[in-house]
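Asks: Supplied structure: protein14.pdb, PDB, N, CA and C atoms, pLDDT in the B column.
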```pdb
ATOM      1  N   MET A 156       0.861  -1.163   0.000  1.00 56.00           N
ATOM      2  CA  MET A 156       0.000   0.000   0.000  1.00 56.00           C
ATOM      3  C   MET A 156       0.907   1.226   0.000  1.00 56.00           C
ATOM      4  N   GLY A 157       0.540   2.196  -0.771  1.00 58.00           N
ATOM      5  CA  GLY A 157       1.317   3.418  -0.862  1.00 58.00           C
ATOM      6  C   GLY A 157       0.395   4.614  -0.912  1.00 58.00           C
ATOM      7  N   ALA A 158       0.982   5.760  -1.175  1.00 60.00           N
ATOM      8  CA  ALA A 158       0.198   6.987  -1.315  1.00 60.00           C
ATOM      9  C   ALA A 158       0.332   7.465  -2.747  1.00 60.00           C
ATOM     10  N   SER A 159      -0.751   7.903  -3.319  1.00 63.00           N
ATOM     11  CA  SER A 159      -0.725   8.437  -4.669  1.00 63.00           C
ATOM     12  C   SER A 159      -0.217   9.875  -4.630  1.00 63.00           C
ATOM     13  N   VAL A 160      -0.068  10.457  -5.800  1.00 69.00           N
ATOM     14  CA  VAL A 160       0.364  11.845  -5.898  1.00 69.00           C
ATOM     15  C   VAL A 160      -0.614  12.755  -5.173  1.00 69.00           C
ATOM     16  N   THR A 161      -1.896  12.396  -5.178  1.00 72.00           N
ATOM     17  CA  THR A 161      -2.914  13.208  -4.522  1.00 72.00           C
ATOM     18  C   THR A 161      -2.970  12.969  -3.019  1.00 72.00           C
ATOM     19  N   GLY A 162      -2.195  11.992  -2.521  1.00 76.00           N
ATOM     20  CA  GLY A 162      -2.192  11.707  -1.099  1.00 76.00           C
ATOM     21  C   GLY A 162      -3.137  10.585  -0.692  1.00 76.00           C
ATOM     22  N   GLU A 163      -3.968  10.113  -1.639  1.00 74.00           N
ATOM     23  CA  GLU A 163      -4.875   9.004  -1.348  1.00 74.00           C
ATOM     24  C   GLU A 163      -4.057   7.730  -1.157  1.00 74.00           C
ATOM     25  N   ARG A 164      -4.486   6.879  -0.205  1.00 76.00           N
ATOM     26  CA  ARG A 164      -3.840   5.589  -0.023  1.00 76.00           C
ATOM     27  C   ARG A 164      -4.318   4.652  -1.115  1.00 76.00           C
ATOM     28  N   VAL A 165      -3.374   3.982  -1.767  1.00 75.00           N
ATOM     29  CA  VAL A 165      -3.720   3.110  -2.879  1.00 75.00           C
ATOM     30  C   VAL A 165      -2.927   1.814  -2.803  1.00 75.00           C
ATOM     31  N   LEU A 166      -3.480   0.794  -3.395  1.00 76.00           N
ATOM     32  CA  LEU A 166      -2.785  -0.464  -3.617  1.00 76.00           C
ATOM     33  C   LEU A 166      -2.721  -0.612  -5.119  1.00 76.00           C
ATOM     34  N   PHE A 167      -1.551  -0.373  -5.705  1.00 76.00           N
ATOM     35  CA  PHE A 167      -1.416  -0.404  -7.150  1.00 76.00           C
ATOM     36  C   PHE A 167      -1.033  -1.814  -7.582  1.00 76.00           C
ATOM     37  N   VAL A 168      -1.914  -2.455  -8.312  1.00 80.00           N
ATOM     38  CA  VAL A 168      -1.635  -3.765  -8.894  1.00 80.00           C
ATOM     39  C   VAL A 168      -1.930  -3.691 -10.374  1.00 80.00           C
ATOM     40  N   ASN A 169      -1.116  -4.359 -11.136  1.00 79.00           N
ATOM     41  CA  ASN A 169      -1.240  -4.345 -12.581  1.00 79.00           C
ATOM     42  C   ASN A 169      -0.757  -5.694 -13.093  1.00 79.00           C
ATOM     43  N   PRO A 170      -1.553  -6.397 -13.891  1.00 82.00           N
ATOM     44  CA  PRO A 170      -1.137  -7.716 -14.364  1.00 82.00           C
ATOM     45  C   PRO A 170       0.190  -7.709 -15.117  1.00 82.00           C
ATOM     46  N   GLY A 171       0.548  -6.587 -15.708  1.00 82.00           N
ATOM     47  CA  GLY A 171       1.792  -6.510 -16.464  1.00 82.00           C
ATOM     48  C   GLY A 171       3.021  -6.230 -15.619  1.00 82.00           C
ATOM     49  N   PHE A 172       2.836  -5.749 -14.388  1.00 82.00           N
ATOM     50  CA  PHE A 172       3.968  -5.329 -13.581  1.00 82.00           C
ATOM     51  C   PHE A 172       4.033  -5.965 -12.197  1.00 82.00           C
ATOM     52  N   THR A 173       2.908  -6.336 -11.634  1.00 84.00           N
ATOM     53  CA  THR A 173       2.879  -6.842 -10.261  1.00 84.00           C
ATOM     54  C   THR A 173       3.260  -8.320 -10.233  1.00 84.00           C
ATOM     55  N   THR A 174       4.271  -8.651  -9.428  1.00 84.00           N
ATOM     56  CA  THR A 174       4.671 -10.051  -9.281  1.00 84.00           C
ATOM     57  C   THR A 174       4.224 -10.616  -7.944  1.00 84.00           C
ATOM     58  N   ARG A 175       4.089  -9.767  -6.937  1.00 83.00           N
ATOM     59  CA  ARG A 175       3.597 -10.192  -5.630  1.00 83.00           C
ATOM     60  C   ARG A 175       3.233  -8.965  -4.821  1.00 83.00           C
ATOM     61  N   ILE A 176       2.506  -9.187  -3.744  1.00 86.00           N
ATOM     62  CA  ILE A 176       2.130  -8.122  -2.820  1.00 86.00           C
ATOM     63  C   ILE A 176       2.850  -8.397  -1.510  1.00 86.00           C
ATOM     64  N   VAL A 177       3.552  -7.428  -1.007  1.00 86.00           N
ATOM     65  CA  VAL A 177       4.311  -7.600   0.230  1.00 86.00           C
ATOM     66  C   VAL A 177       3.346  -7.681   1.408  1.00 86.00           C
ATOM     67  N   GLY A 178       3.501  -8.708   2.222  1.00 88.00           N
ATOM     68  CA  GLY A 178       2.680  -8.849   3.417  1.00 88.00           C
ATOM     69  C   GLY A 178       1.889 -10.135   3.477  1.00 88.00           C
ATOM     70  N   PRO A 179       1.050 -10.409   2.479  1.00 90.00           N
ATOM     71  CA  PRO A 179       0.260 -11.644   2.534  1.00 90.00           C
ATOM     72  C   PRO A 179       1.131 -12.898   2.437  1.00 90.00           C
ATOM     73  N   SER A 180       0.572 -13.999   2.891  1.00 93.00           N
ATOM     74  CA  SER A 180       1.259 -15.289   2.813  1.00 93.00           C
ATOM     75  C   SER A 180       1.403 -15.712   1.353  1.00 93.00           C
ATOM     76  N   PRO A 181       2.283 -16.674   1.062  1.00 91.00           N
ATOM     77  CA  PRO A 181       2.404 -17.154  -0.324  1.00 91.00           C
ATOM     78  C   PRO A 181       1.068 -17.650  -0.892  1.00 91.00           C
ATOM     79  N   ARG A 182       0.277 -18.311  -0.088  1.00 92.00           N
ATOM     80  CA  ARG A 182      -1.033 -18.798  -0.560  1.00 92.00           C
ATOM     81  C   ARG A 182      -1.949 -17.624  -0.914  1.00 92.00           C
ATOM     82  N   GLN A 183      -1.950 -16.603  -0.054  1.00 92.00           N
ATOM     83  CA  GLN A 183      -2.769 -15.423  -0.332  1.00 92.00           C
ATOM     84  C   GLN A 183      -2.254 -14.695  -1.573  1.00 92.00           C
ATOM     85  N   ASN A 184      -0.921 -14.657  -1.751  1.00 89.00           N
ATOM     86  CA  ASN A 184      -0.340 -14.003  -2.915  1.00 89.00           C
ATOM     87  C   ASN A 184      -0.691 -14.718  -4.208  1.00 89.00           C
ATOM     88  N   ASP A 185      -1.001 -16.011  -4.135  1.00 86.00           N
ATOM     89  CA  ASP A 185      -1.428 -16.730  -5.331  1.00 86.00           C
ATOM     90  C   ASP A 185      -2.834 -16.307  -5.740  1.00 86.00           C
ATOM     91  N   ALA A 186      -3.682 -15.986  -4.771  1.00 91.00           N
ATOM     92  CA  ALA A 186      -5.089 -15.695  -5.049  1.00 91.00           C
ATOM     93  C   ALA A 186      -5.406 -14.203  -5.128  1.00 91.00           C
ATOM     94  N   LEU A 187      -4.784 -13.398  -4.288  1.00 90.00           N
ATOM     95  CA  LEU A 187      -5.166 -11.991  -4.160  1.00 90.00           C
ATOM     96  C   LEU A 187      -5.008 -11.181  -5.448  1.00 90.00           C
ATOM     97  N   PRO A 188      -3.883 -11.254  -6.133  1.00 87.00           N
ATOM     98  CA  PRO A 188      -3.786 -10.446  -7.362  1.00 87.00           C
ATOM     99  C   PRO A 188      -4.865 -10.794  -8.393  1.00 87.00           C
ATOM    100  N   GLU A 189      -5.146 -12.065  -8.580  1.00 88.00           N
ATOM    101  CA  GLU A 189      -6.170 -12.453  -9.547  1.00 88.00           C
ATOM    102  C   GLU A 189      -7.546 -11.931  -9.144  1.00 88.00           C
ATOM    103  N   LEU A 190      -7.826 -11.944  -7.843  1.00 90.00           N
ATOM    104  CA  LEU A 190      -9.086 -11.406  -7.347  1.00 90.00           C
ATOM    105  C   LEU A 190      -9.187  -9.911  -7.665  1.00 90.00           C
ATOM    106  N   LEU A 191      -8.106  -9.185  -7.446  1.00 87.00           N
ATOM    107  CA  LEU A 191      -8.094  -7.745  -7.724  1.00 87.00           C
ATOM    108  C   LEU A 191      -8.194  -7.475  -9.224  1.00 87.00           C
ATOM    109  N   TYR A 192      -7.464  -8.239 -10.048  1.00 86.00           N
ATOM    110  CA  TYR A 192      -7.520  -8.043 -11.503  1.00 86.00           C
ATOM    111  C   TYR A 192      -8.922  -8.287 -12.035  1.00 86.00           C
ATOM    112  N   ALA A 193      -9.627  -9.231 -11.446  1.00 87.00           N
ATOM    113  CA  ALA A 193     -10.983  -9.545 -11.891  1.00 87.00           C
ATOM    114  C   ALA A 193     -11.937  -8.377 -11.652  1.00 87.00           C
ATOM    115  N   GLU A 194     -11.612  -7.511 -10.706  1.00 85.00           N
ATOM    116  CA  GLU A 194     -12.461  -6.354 -10.408  1.00 85.00           C
ATOM    117  C   GLU A 194     -12.254  -5.199 -11.384  1.00 85.00           C
ATOM    118  N   LEU A 195     -11.119  -5.147 -12.061  1.00 79.00           N
ATOM    119  CA  LEU A 195     -10.787  -3.997 -12.908  1.00 79.00           C
ATOM    120  C   LEU A 195     -11.853  -3.645 -13.942  1.00 79.00           C
ATOM    121  N   PRO A 196     -12.413  -4.597 -14.681  1.00 78.00           N
ATOM    122  CA  PRO A 196     -13.385  -4.208 -15.710  1.00 78.00           C
ATOM    123  C   PRO A 196     -14.813  -4.010 -15.204  1.00 78.00           C
ATOM    124  N   ASP A 197     -15.049  -4.148 -13.917  1.00 82.00           N
ATOM    125  CA  ASP A 197     -16.403  -4.007 -13.372  1.00 82.00           C
ATOM    126  C   ASP A 197     -16.933  -2.601 -13.653  1.00 82.00           C
ATOM    127  N   PRO A 198     -18.084  -2.496 -14.309  1.00 78.00           N
ATOM    128  CA  PRO A 198     -18.648  -1.171 -14.624  1.00 78.00           C
ATOM    129  C   PRO A 198     -18.877  -0.284 -13.399  1.00 78.00           C
ATOM    130  N   ALA A 199     -18.984  -0.865 -12.223  1.00 81.00           N
ATOM    131  CA  ALA A 199     -19.175  -0.063 -11.008  1.00 81.00           C
ATOM    132  C   ALA A 199     -17.971   0.827 -10.728  1.00 81.00           C
ATOM    133  N   TYR A 200     -16.818   0.502 -11.295  1.00 77.00           N
ATOM    134  CA  TYR A 200     -15.592   1.264 -11.052  1.00 77.00           C
ATOM    135  C   TYR A 200     -15.171   2.092 -12.259  1.00 77.00           C
ATOM    136  N   THR A 201     -16.027   2.229 -13.241  1.00 77.00           N
ATOM    137  CA  THR A 201     -15.625   2.911 -14.462  1.00 77.00           C
ATOM    138  C   THR A 201     -16.305   4.260 -14.623  1.00 77.00           C
ATOM    139  N   VAL A 202     -15.659   5.093 -15.412  1.00 79.00           N
ATOM    140  CA  VAL A 202     -16.213   6.392 -15.786  1.00 79.00           C
ATOM    141  C   VAL A 202     -16.113   6.493 -17.297  1.00 79.00           C
ATOM    142  N   ARG A 203     -17.178   6.919 -17.923  1.00 78.00           N
ATOM    143  CA  ARG A 203     -17.155   7.182 -19.366  1.00 78.00           C
ATOM    144  C   ARG A 203     -17.339   8.677 -19.530  1.00 78.00           C
ATOM    145  N   PHE A 204     -16.270   9.346 -19.891  1.00 79.00           N
ATOM    146  CA  PHE A 204     -16.268  10.794 -20.046  1.00 79.00           C
ATOM    147  C   PHE A 204     -16.872  11.151 -21.395  1.00 79.00           C
ATOM    148  N   ARG A 205     -17.829  12.059 -21.400  1.00 80.00           N
ATOM    149  CA  ARG A 205     -18.442  12.500 -22.655  1.00 80.00           C
ATOM    150  C   ARG A 205     -17.724  13.762 -23.135  1.00 80.00           C
ATOM    151  N   TRP A 206     -16.875  13.562 -24.130  1.00 78.00           N
ATOM    152  CA  TRP A 206     -16.056  14.647 -24.646  1.00 78.00           C
ATOM    153  C   TRP A 206     -16.897  15.660 -25.403  1.00 78.00           C
ATOM    154  N   GLU A 207     -16.573  16.910 -25.192  1.00 85.00           N
ATOM    155  CA  GLU A 207     -17.129  18.012 -25.957  1.00 85.00           C
ATOM    156  C   GLU A 207     -15.976  18.916 -26.333  1.00 85.00           C
ATOM    157  N   LYS A 208     -16.177  19.763 -27.298  1.00 86.00           N
ATOM    158  CA  LYS A 208     -15.114  20.672 -27.715  1.00 86.00           C
ATOM    159  C   LYS A 208     -14.596  21.441 -26.509  1.00 86.00           C
ATOM    160  N   GLY A 209     -13.287  21.445 -26.331  1.00 88.00           N
ATOM    161  CA  GLY A 209     -12.660  22.143 -25.213  1.00 88.00           C
ATOM    162  C   GLY A 209     -12.567  21.320 -23.938  1.00 88.00           C
ATOM    163  N   SER A 210     -13.023  20.072 -23.982  1.00 87.00           N
ATOM    164  CA  SER A 210     -12.975  19.222 -22.785  1.00 87.00           C
ATOM    165  C   SER A 210     -11.542  18.917 -22.382  1.00 87.00           C
ATOM    166  N   LEU A 211     -11.353  18.750 -21.102  1.00 86.00           N
ATOM    167  CA  LEU A 211     -10.065  18.367 -20.540  1.00 86.00           C
ATOM    168  C   LEU A 211     -10.335  17.364 -19.431  1.00 86.00           C
ATOM    169  N   ALA A 212      -9.630  16.262 -19.440  1.00 81.00           N
ATOM    170  CA  ALA A 212      -9.786  15.248 -18.391  1.00 81.00           C
ATOM    171  C   ALA A 212      -8.408  14.921 -17.836  1.00 81.00           C
ATOM    172  N   PHE A 213      -8.355  14.662 -16.552  1.00 79.00           N
ATOM    173  CA  PHE A 213      -7.092  14.222 -15.956  1.00 79.00           C
ATOM    174  C   PHE A 213      -7.395  13.292 -14.804  1.00 79.00           C
ATOM    175  N   TRP A 214      -6.432  12.465 -14.452  1.00 75.00           N
ATOM    176  CA  TRP A 214      -6.597  11.501 -13.370  1.00 75.00           C
ATOM    177  C   TRP A 214      -5.238  11.204 -12.783  1.00 75.00           C
ATOM    178  N   ASP A 215      -5.247  10.685 -11.590  1.00 72.00           N
ATOM    179  CA  ASP A 215      -4.024  10.259 -10.917  1.00 72.00           C
ATOM    180  C   ASP A 215      -3.736   8.836 -11.390  1.00 72.00           C
ATOM    181  N   ASN A 216      -2.778   8.683 -12.261  1.00 68.00           N
ATOM    182  CA  ASN A 216      -2.494   7.393 -12.860  1.00 68.00           C
ATOM    183  C   ASN A 216      -1.988   6.364 -11.846  1.00 68.00           C
ATOM    184  N   HIS A 217      -1.571   6.826 -10.676  1.00 67.00           N
ATOM    185  CA  HIS A 217      -1.139   5.905  -9.626  1.00 67.00           C
ATOM    186  C   HIS A 217      -2.325   5.302  -8.882  1.00 67.00           C
ATOM    187  N   ALA A 218      -3.507   5.869  -9.057  1.00 69.00           N
ATOM    188  CA  ALA A 218      -4.686   5.394  -8.333  1.00 69.00           C
ATOM    189  C   ALA A 218      -5.835   5.055  -9.283  1.00 69.00           C
ATOM    190  N   THR A 219      -5.508   4.897 -10.559  1.00 73.00           N
ATOM    191  CA  THR A 219      -6.546   4.680 -11.562  1.00 73.00           C
ATOM    192  C   THR A 219      -6.106   3.616 -12.553  1.00 73.00           C
ATOM    193  N   ALA A 220      -6.994   2.722 -12.881  1.00 71.00           N
ATOM    194  CA  ALA A 220      -6.762   1.805 -13.989  1.00 71.00           C
ATOM    195  C   ALA A 220      -7.363   2.457 -15.214  1.00 71.00           C
ATOM    196  N   HIS A 221      -6.557   2.749 -16.212  1.00 67.00           N
ATOM    197  CA  HIS A 221      -7.026   3.482 -17.374  1.00 67.00           C
ATOM    198  C   HIS A 221      -7.014   2.581 -18.595  1.00 67.00           C
ATOM    199  N   LEU A 222      -8.122   2.534 -19.278  1.00 66.00           N
ATOM    200  CA  LEU A 222      -8.226   1.829 -20.546  1.00 66.00           C
ATOM    201  C   LEU A 222      -9.008   2.722 -21.492  1.00 66.00           C
ATOM    202  N   ALA A 223      -8.329   3.190 -22.508  1.00 66.00           N
ATOM    203  CA  ALA A 223      -9.003   4.062 -23.470  1.00 66.00           C
ATOM    204  C   ALA A 223     -10.062   3.265 -24.217  1.00 66.00           C
ATOM    205  N   PRO A 224     -11.217   3.863 -24.472  1.00 71.00           N
ATOM    206  CA  PRO A 224     -12.272   3.139 -25.195  1.00 71.00           C
ATOM    207  C   PRO A 224     -11.838   2.824 -26.619  1.00 71.00           C
ATOM    208  N   GLY A 225     -12.274   1.687 -27.102  1.00 73.00           N
ATOM    209  CA  GLY A 225     -11.905   1.266 -28.444  1.00 73.00           C
ATOM    210  C   GLY A 225     -12.932   1.621 -29.500  1.00 73.00           C
ATOM    211  N   ASP A 226     -13.938   2.372 -29.126  1.00 76.00           N
ATOM    212  CA  ASP A 226     -15.012   2.673 -30.080  1.00 76.00           C
ATOM    213  C   ASP A 226     -15.005   4.135 -30.539  1.00 76.00           C
ATOM    214  N   LEU A 227     -13.832   4.739 -30.611  1.00 73.00           N
ATOM    215  CA  LEU A 227     -13.746   6.147 -31.020  1.00 73.00           C
ATOM    216  C   LEU A 227     -13.193   6.325 -32.433  1.00 73.00           C
ATOM    217  N   ASN A 228     -12.866   5.224 -33.102  1.00 76.00           N
ATOM    218  CA  ASN A 228     -12.215   5.325 -34.410  1.00 76.00           C
ATOM    219  C   ASN A 228     -13.052   6.033 -35.454  1.00 76.00           C
ATOM    220  N   HIS A 229     -14.362   6.046 -35.304  1.00 77.00           N
ATOM    221  CA  HIS A 229     -15.232   6.696 -36.296  1.00 77.00           C
ATOM    222  C   HIS A 229     -15.270   8.214 -36.121  1.00 77.00           C
ATOM    223  N   LEU A 230     -14.752   8.721 -35.022  1.00 76.00           N
ATOM    224  CA  LEU A 230     -14.781  10.159 -34.761  1.00 76.00           C
ATOM    225  C   LEU A 230     -13.570  10.841 -35.377  1.00 76.00           C
ATOM    226  N   ASP A 231     -13.752  12.064 -35.795  1.00 80.00           N
ATOM    227  CA  ASP A 231     -12.653  12.855 -36.360  1.00 80.00           C
ATOM    228  C   ASP A 231     -12.015  13.659 -35.230  1.00 80.00           C
ATOM    229  N   VAL A 232     -11.268  12.957 -34.381  1.00 74.00           N
ATOM    230  CA  VAL A 232     -10.627  13.595 -33.232  1.00 74.00           C
ATOM    231  C   VAL A 232      -9.189  13.120 -33.133  1.00 74.00           C
ATOM    232  N   THR A 233      -8.399  13.915 -32.460  1.00 77.00           N
ATOM    233  CA  THR A 233      -7.028  13.542 -32.154  1.00 77.00           C
ATOM    234  C   THR A 233      -6.897  13.464 -30.652  1.00 77.00           C
ATOM    235  N   ARG A 234      -6.507  12.304 -30.146  1.00 73.00           N
ATOM    236  CA  ARG A 234      -6.280  12.148 -28.709  1.00 73.00           C
ATOM    237  C   ARG A 234      -4.818  12.467 -28.427  1.00 73.00           C
ATOM    238  N   VAL A 235      -4.566  13.302 -27.443  1.00 78.00           N
ATOM    239  CA  VAL A 235      -3.213  13.672 -27.056  1.00 78.00           C
ATOM    240  C   VAL A 235      -3.029  13.313 -25.593  1.00 78.00           C
ATOM    241  N   LEU A 236      -1.954  12.628 -25.287  1.00 73.00           N
ATOM    242  CA  LEU A 236      -1.672  12.215 -23.922  1.00 73.00           C
ATOM    243  C   LEU A 236      -0.334  12.796 -23.499  1.00 73.00           C
ATOM    244  N   TYR A 237      -0.325  13.465 -22.370  1.00 75.00           N
ATOM    245  CA  TYR A 237       0.901  13.947 -21.769  1.00 75.00           C
ATOM    246  C   TYR A 237       1.100  13.169 -20.484  1.00 75.00           C
ATOM    247  N   ARG A 238       2.191  12.495 -20.362  1.00 72.00           N
ATOM    248  CA  ARG A 238       2.451  11.666 -19.180  1.00 72.00           C
ATOM    249  C   ARG A 238       3.614  12.274 -18.402  1.00 72.00           C
ATOM    250  N   ARG A 239       3.378  12.523 -17.139  1.00 71.00           N
ATOM    251  CA  ARG A 239       4.399  13.077 -16.257  1.00 71.00           C
ATOM    252  C   ARG A 239       5.073  11.935 -15.524  1.00 71.00           C
ATOM    253  N   ARG A 240       6.370  11.883 -15.567  1.00 69.00           N
ATOM    254  CA  ARG A 240       7.138  10.844 -14.878  1.00 69.00           C
ATOM    255  C   ARG A 240       7.611  11.375 -13.530  1.00 69.00           C
ATOM    256  N   TYR A 241       7.556  10.527 -12.521  1.00 60.00           N
ATOM    257  CA  TYR A 241       7.987  10.937 -11.176  1.00 60.00           C
ATOM    258  C   TYR A 241       9.240  10.228 -10.793  1.00 60.00           C
TER     259      TYR A 241
END
```
Write out the structure in this file as structure tokens.

Replies:
Amino acid sequence: MGASVTGERVLFVNPGFTTRIVGPSPRQNDALPELLYAELPDPAYTVRFRWEKGSLAFWDNHATAHLAPGDLNHLDVTRVLYRRRY
């Protein structure tokens, strides 16, 4: 468990980067990450931002699972991402 840039306490797990969680037993470490990963796509934890001209969205990437929607290809828009490294 750590603190995000905003100061919120977070447990950052990511299937691509997390190999274990410090603290739980080996048996718990076998089950816990998969349990957490299974929660990621749950609609209860998602936000769908409705873009309008001049819209700006930002989030704390240390406390957010971000997946860009795949259904925007028909729109005439350019998505620009600026990522700040700490």

Asks: Please list as a list in words every residue within 10 Å of segment 184-201 of chain A, counting only C-alpha atoms and excluding residues in the same chain fewer than 2 positions away.

Replies: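 So the residues in contact are Leu166, Phe167, Val168, Asn169, Pro170, Thr173, Thr174, Arg175, Ile176, Val177, Gly178, Pro179, Ser180, Pro181, Arg182, Arg203, Phe204, Thr219, Ala220, His221 and Leu222 of chain A.
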
Asks: Work out how far atom N of Leu236 of chain A is from atom CA of Val202 of chain A, in Å to one decimal.

Replies: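 Separating atom CA of Val202 of chain A from atom N of Leu236 of chain A is a distance of 18.2 Å.
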
Asks: What does the distance from atom N of Ala212 of chain A to atom C of Val235 of chain A come to in Å, to one decimal?

Replies: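 One can read the atom N of Ala212 of chain A to atom C of Val235 of chain A distance as 9.5 Å.
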
Asks: Atom N of Asp226 of chain A and atom N of Trp206 of chain A are how many Å apart?

Replies: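 Interatomic distance, atom N of Asp226 of chain A to atom N of Trp206 of chain A: 12.6 Å.
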
Asks: Please give the complete set of residues from chain A that DSSP, run on the backbone, assigns to strand (DSSP E or B), formatted as a compact mmCIF listing (two decimals) with N, CA and C atoms, in the frame of the given file.

Replies:
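Full text of out.txt as output:
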```
# COMPACT_ATOMS: atom_id res chain seq x y z
N GLY A 157 0.54 2.20 -0.77
CA GLY A 157 1.32 3.42 -0.86
C GLY A 157 0.40 4.61 -0.91
N ALA A 158 0.98 5.76 -1.18
CA ALA A 158 0.20 6.99 -1.32
C ALA A 158 0.33 7.46 -2.75
N ARG A 164 -4.49 6.88 -0.20
CA ARG A 164 -3.84 5.59 -0.02
C ARG A 164 -4.32 4.65 -1.12
N VAL A 165 -3.37 3.98 -1.77
CA VAL A 165 -3.72 3.11 -2.88
C VAL A 165 -2.93 1.81 -2.80
```

Asks: Which of segment 174-229 of chain A counts as alpha helix (DSSP H) under DSSP, as a PyMOL selection string please?

Replies: chain A and resi 181-194

Asks: Would you mind exporting N, CA and C atoms of the selected residues as a PDB file, in the coordinates of the input?

Replies:
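Output saved as selection14.pdb:
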```
ATOM      1  N   PRO A 181       2.283 -16.674   1.062  1.00 91.00           N
ATOM      2  CA  PRO A 181       2.404 -17.154  -0.324  1.00 91.00           C
ATOM      3  C   PRO A 181       1.068 -17.650  -0.892  1.00 91.00           C
ATOM      4  N   ARG A 182       0.277 -18.311  -0.088  1.00 92.00           N
ATOM      5  CA  ARG A 182      -1.033 -18.798  -0.560  1.00 92.00           C
ATOM      6  C   ARG A 182      -1.949 -17.624  -0.914  1.00 92.00           C
ATOM      7  N   GLN A 183      -1.950 -16.603  -0.054  1.00 92.00           N
ATOM      8  CA  GLN A 183      -2.769 -15.423  -0.332  1.00 92.00           C
ATOM      9  C   GLN A 183      -2.254 -14.695  -1.573  1.00 92.00           C
ATOM     10  N   ASN A 184      -0.921 -14.657  -1.751  1.00 89.00           N
ATOM     11  CA  ASN A 184      -0.340 -14.003  -2.915  1.00 89.00           C
ATOM     12  C   ASN A 184      -0.691 -14.718  -4.208  1.00 89.00           C
ATOM     13  N   ASP A 185      -1.001 -16.011  -4.135  1.00 86.00           N
ATOM     14  CA  ASP A 185      -1.428 -16.730  -5.331  1.00 86.00           C
ATOM     15  C   ASP A 185      -2.834 -16.307  -5.740  1.00 86.00           C
ATOM     16  N   ALA A 186      -3.682 -15.986  -4.771  1.00 91.00           N
ATOM     17  CA  ALA A 186      -5.089 -15.695  -5.049  1.00 91.00           C
ATOM     18  C   ALA A 186      -5.406 -14.203  -5.128  1.00 91.00           C
ATOM     19  N   LEU A 187      -4.784 -13.398  -4.288  1.00 90.00           N
ATOM     20  CA  LEU A 187      -5.166 -11.991  -4.160  1.00 90.00           C
ATOM     21  C   LEU A 187      -5.008 -11.181  -5.448  1.00 90.00           C
ATOM     22  N   PRO A 188      -3.883 -11.254  -6.133  1.00 87.00           N
ATOM     23  CA  PRO A 188      -3.786 -10.446  -7.362  1.00 87.00           C
ATOM     24  C   PRO A 188      -4.865 -10.794  -8.393  1.00 87.00           C
ATOM     25  N   GLU A 189      -5.146 -12.065  -8.580  1.00 88.00           N
ATOM     26  CA  GLU A 189      -6.170 -12.453  -9.547  1.00 88.00           C
ATOM     27  C   GLU A 189      -7.546 -11.931  -9.144  1.00 88.00           C
ATOM     28  N   LEU A 190      -7.826 -11.944  -7.843  1.00 90.00           N
ATOM     29  CA  LEU A 190      -9.086 -11.406  -7.347  1.00 90.00           C
ATOM     30  C   LEU A 190      -9.187  -9.911  -7.665  1.00 90.00           C
ATOM     31  N   LEU A 191      -8.106  -9.185  -7.446  1.00 87.00           N
ATOM     32  CA  LEU A 191      -8.094  -7.745  -7.724  1.00 87.00           C
ATOM     33  C   LEU A 191      -8.194  -7.475  -9.224  1.00 87.00           C
ATOM     34  N   TYR A 192      -7.464  -8.239 -10.048  1.00 86.00           N
ATOM     35  CA  TYR A 192      -7.520  -8.043 -11.503  1.00 86.00           C
ATOM     36  C   TYR A 192      -8.922  -8.287 -12.035  1.00 86.00           C
ATOM     37  N   ALA A 193      -9.627  -9.231 -11.446  1.00 87.00           N
ATOM     38  CA  ALA A 193     -10.983  -9.545 -11.891  1.00 87.00           C
ATOM     39  C   ALA A 193     -11.937  -8.377 -11.652  1.00 87.00           C
ATOM     40  N   GLU A 194     -11.612  -7.511 -10.706  1.00 85.00           N
ATOM     41  CA  GLU A 194     -12.461  -6.354 -10.408  1.00 85.00           C
ATOM     42  C   GLU A 194     -12.254  -5.199 -11.384  1.00 85.00           C
TER      43      GLU A 194
END
```

Asks: With a distance cut-off of 12 Å and only C-alpha atoms, select the neighbouring residues of Arg234 of chain A, excluding the residue or stretch itself and same-chain residues fewer than 4 positions from it, and output the selection as a list in words.

Replies: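 Here the answer would be Trp206, Ser210, Leu211, Ala212, Ala223, Pro224, Leu227, Asn228 and Leu230 of chain A.
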